[in-house]
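**Student:** Quick one: structure below, then a few questions.
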Protein chains: 2
Amino acid sequence: MSLVISLPAWLELANRRTITFADDSDAMQFVLSLAQRNIDDGGGPFAAAVLSASGTLIAAGVNRVVSAGSSVLHAEMLALMLAQQRIGNHDLSTAGCFTLVTSCAPCAMCLGAIPWSGIQRVVCGARGEDAERIGFDEGDKPDRWRQCLEARRIQVEEDVCREQAVAILQAYQGLGNPLY
Amino acid sequence: MSLVISLPAWLELANRRTITFADDSDAMQFVLSLAQRNIDDGGGPFAAAVLSASGTLIAAGVNRVVSAGSSVLHAEMLALMLAQQRIGNHDLSTAGCFTLVTSCAPCAMCLGAIPWSGIQRVVCGARGEDAERIGFDEGDKPDRWRQCLEARRIQVEEDVCREQAVAILQAYQGLGNPLY
């Protein structure tokens with residue numbers, strides 16, 4: 001009864017690539033392309049990636065909740081788990097300053113997971129209210145969640161390529177796909 | 001680059017057992033025995049189990065953060081993922097009314113994960129402040145987290161075998177084990 005989470009072939013390929021991004025927007029473009037690819041594959045409209053301090057891709061994840069039958073498998077959680085598997089430590093901060101780039105601000109679960117992961121910087125595309133506007137539930141976050149992360153010395157950048165990120169959410173909604 | 005989470009043999013054996021518990025205390029005794037077994041195996045002092053409405057064990061998890069190198073693998077998260085794998089759906093509520101029994105009140109991440117899982121009842125041993133008293137961080141939970149769950153029609157029972165649950169945390173601390 002081991003737990004095996006199989007990834008789609010295209011995500012495995014993306015994870016094997018050696019890419020260094022020029023800046024946050026460049027990394028977000030890559031993440032948004034994975035969110036779009038995931039929709040095309042029947043998945044949720046969310047993607048995330050962990051980058052090293054120099055902007056190199058460590059691991060990318062997408063929302064596999066319905067396709068893998070696991071409510072834990074939000075894009076951020078999968079990206080964090082894959083990054084930790086690759087780095088070989090549950091605490092990424094032991095190996096450097098890593099950034100989590102996510103197509104949408106984290107829900108309550110992913111927000112709670114970020115401090116435990118050793119991530120030191122979070123870059124968000126769409127806002128939580130953008131996801132809620134199309135019918136997703138963001139959960140019960142603490143008030144002023146951004147300040148909660150910053151109090152733990154985790155930097156937060158919001159609204160990076162937000163318009164494009166919102167357009168992907170709206171396209172997903174337009175297809176009549178499941179909301180959860 | 002699939003994600004493979006291997007479980008210790010004793011946890012796999014526990015998961016293969018067919019057990020129906022008499023009541024919450026009986027189930028908590030089982031969960032606390034797994035927490036103790038996990039300490040003896042070099043793991044964290046936390047365990048959890050998912051039960052069916054009739055009290056039958058569906059899946060059990062323990063804290064594998066350090067041993068499996070994944071900050072996501074709190075006991076509750078592993079129990080939920082294994083239960084969903086067994087039931088074959090990311091939403092347990094589609095298959096009945098399931099209970100999560102946990103040796104300690106959920107941290108911010110696990111708290112965020114509970115509504116997404118379809119769990120409809122949560123039974124806690126130690127309180128969050130008991131874990132914090134020995135040095136664990138519970139994260140930034142929303143104020144009145146219990147009411148947040150209840151507003152989502154998730155029942156919460158606290159302080160089930162709390163003294164025994166606290167004794168396990170204290171024994172772990174006494175051994176000089178890592179806190180995270």
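Chains: A, B, ... in order of the structure tokens. Residues: from 1 per chain. Ligands: from 1, in order shown.
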As a PyMOL selection string, please: the residues near B:Arg144 (cut-off 12 Å, only C-alpha atoms, same-chain neighbours under 3 positions excluded).
**Tutor:** (chain A and resi 140-143) or (chain B and resi 111+140-141+147-151)
**Student:** Which of chain A counts as strand (DSSP E) under DSSP, as an NGL selection string please?
**Tutor:** :A and (3-5 or 47-51 or 57-62 or 99-104 or 121-126 or 155-157)
**Student:** Write out as a compact mmCIF listing (two decimals) with C-alpha atoms, in the first residue's frame the residues lying within 6 Å of stretch 3-18 of chain B, counting only C-alpha atoms and excluding same-chain residues fewer than 5 positions away.
**Tutor:**
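Result written to out-v2.txt:
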```txt
# COMPACT_ATOMS: atom_id res chain seq x y z
CA MET A 1 0.00 0.00 0.00
CA SER A 2 2.60 2.50 -1.08
CA LEU A 3 1.32 5.76 -2.39
CA VAL A 4 2.17 6.21 -6.05
CA ILE A 5 1.33 9.45 -7.80
CA ALA B 59 -6.50 4.08 6.04
CA ALA B 60 -3.92 5.11 8.61
```
**Student:** I'd like to know which of A:Gly44, A:Pro115, A:Gly55, A:Gly174 is closest to chain B, using only C-alpha atoms.
**Tutor:** A:Pro115
**Student:** DSSP on the backbone: which residues in stretch 12-124 of chain A end up as alpha helix (DSSP H)? Give the answer as a ChimeraX atom specification.
**Tutor:** /A:12-16,24-40,65-68,75-87,108-117
**Student:** Restricted to C-alpha atoms, what would the selected residues look like written as a tab-separated table (two decimals), in the first residue's frame?
**Tutor:**
```
chain	number	residue	atom	x	y	z
A	12	GLU	CA	7.38	14.51	-16.71
A	13	LEU	CA	8.93	15.97	-19.86
A	14	ALA	CA	8.51	19.52	-18.53
A	15	ASN	CA	10.18	18.44	-15.31
A	16	ARG	CA	13.17	16.98	-17.16
A	24	ASP	CA	9.24	36.35	-12.61
A	25	SER	CA	7.13	37.12	-15.68
A	26	ASP	CA	9.13	34.70	-17.80
A	27	ALA	CA	8.65	31.96	-15.17
A	28	MET	CA	4.94	32.80	-14.91
A	29	GLN	CA	4.54	32.41	-18.68
A	30	PHE	CA	5.93	28.88	-18.37
A	31	VAL	CA	3.62	28.12	-15.43
A	32	LEU	CA	0.58	29.47	-17.30
A	33	SER	CA	1.47	27.31	-20.32
A	34	LEU	CA	1.36	24.26	-18.01
A	35	ALA	CA	-2.02	25.36	-16.58
A	36	GLN	CA	-3.37	25.58	-20.13
A	37	ARG	CA	-1.84	22.19	-21.02
A	38	ASN	CA	-3.48	20.70	-17.92
A	39	ILE	CA	-6.92	22.00	-18.96
A	40	ASP	CA	-6.43	20.46	-22.41
A	65	VAL	CA	-7.17	16.47	-7.92
A	66	VAL	CA	-9.75	14.87	-10.18
A	67	SER	CA	-7.40	13.07	-12.58
A	68	ALA	CA	-5.36	11.42	-9.80
A	75	ALA	CA	-0.46	22.37	-8.24
A	76	GLU	CA	1.56	23.97	-5.44
A	77	MET	CA	1.57	20.78	-3.32
A	78	LEU	CA	2.75	18.64	-6.23
A	79	ALA	CA	5.47	21.15	-7.17
A	80	LEU	CA	6.68	21.27	-3.55
A	81	MET	CA	6.70	17.49	-3.18
A	82	LEU	CA	8.55	17.00	-6.47
A	83	ALA	CA	11.08	19.73	-5.59
A	84	GLN	CA	11.75	18.14	-2.19
A	85	GLN	CA	12.12	14.72	-3.82
A	86	ARG	CA	14.66	16.20	-6.25
A	87	ILE	CA	16.59	18.17	-3.60
A	108	ALA	CA	-5.85	27.63	2.70
A	109	MET	CA	-4.14	24.20	2.41
A	110	CYS	CA	-1.32	25.36	0.12
A	111	LEU	CA	-0.85	28.50	2.20
A	112	GLY	CA	-0.39	26.31	5.28
A	113	ALA	CA	2.07	24.10	3.38
A	114	ILE	CA	4.38	26.91	2.25
A	115	PRO	CA	6.13	27.66	5.57
A	116	TRP	CA	6.76	23.92	6.19
A	117	SER	CA	8.42	23.55	2.76
```
**Student:** Name the residues in contact with B:Phe98 at a cut-off of 8 Å, using only C-alpha atoms, excluding same-chain residues fewer than 5 positions from it; report them as a count of residues only.
**Tutor:** 10
**Student:** Tell me, in Å to one decimal, how far atom CA of B:Ala47 is from atom CA of A:Arg64.
**Tutor:**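 Between these atoms lies a distance of 25.3 Å.
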**Student:** Mind checking which residues fall within 9 Å of A:Leu179, counting only C-alpha atoms, ignoring those fewer than 3 positions away in the same chain, and posting them as a list in words?
**Tutor:** Gly44, Ile134, Gly135, Phe136, Asp137, Gln173 and Gly176 of chain A
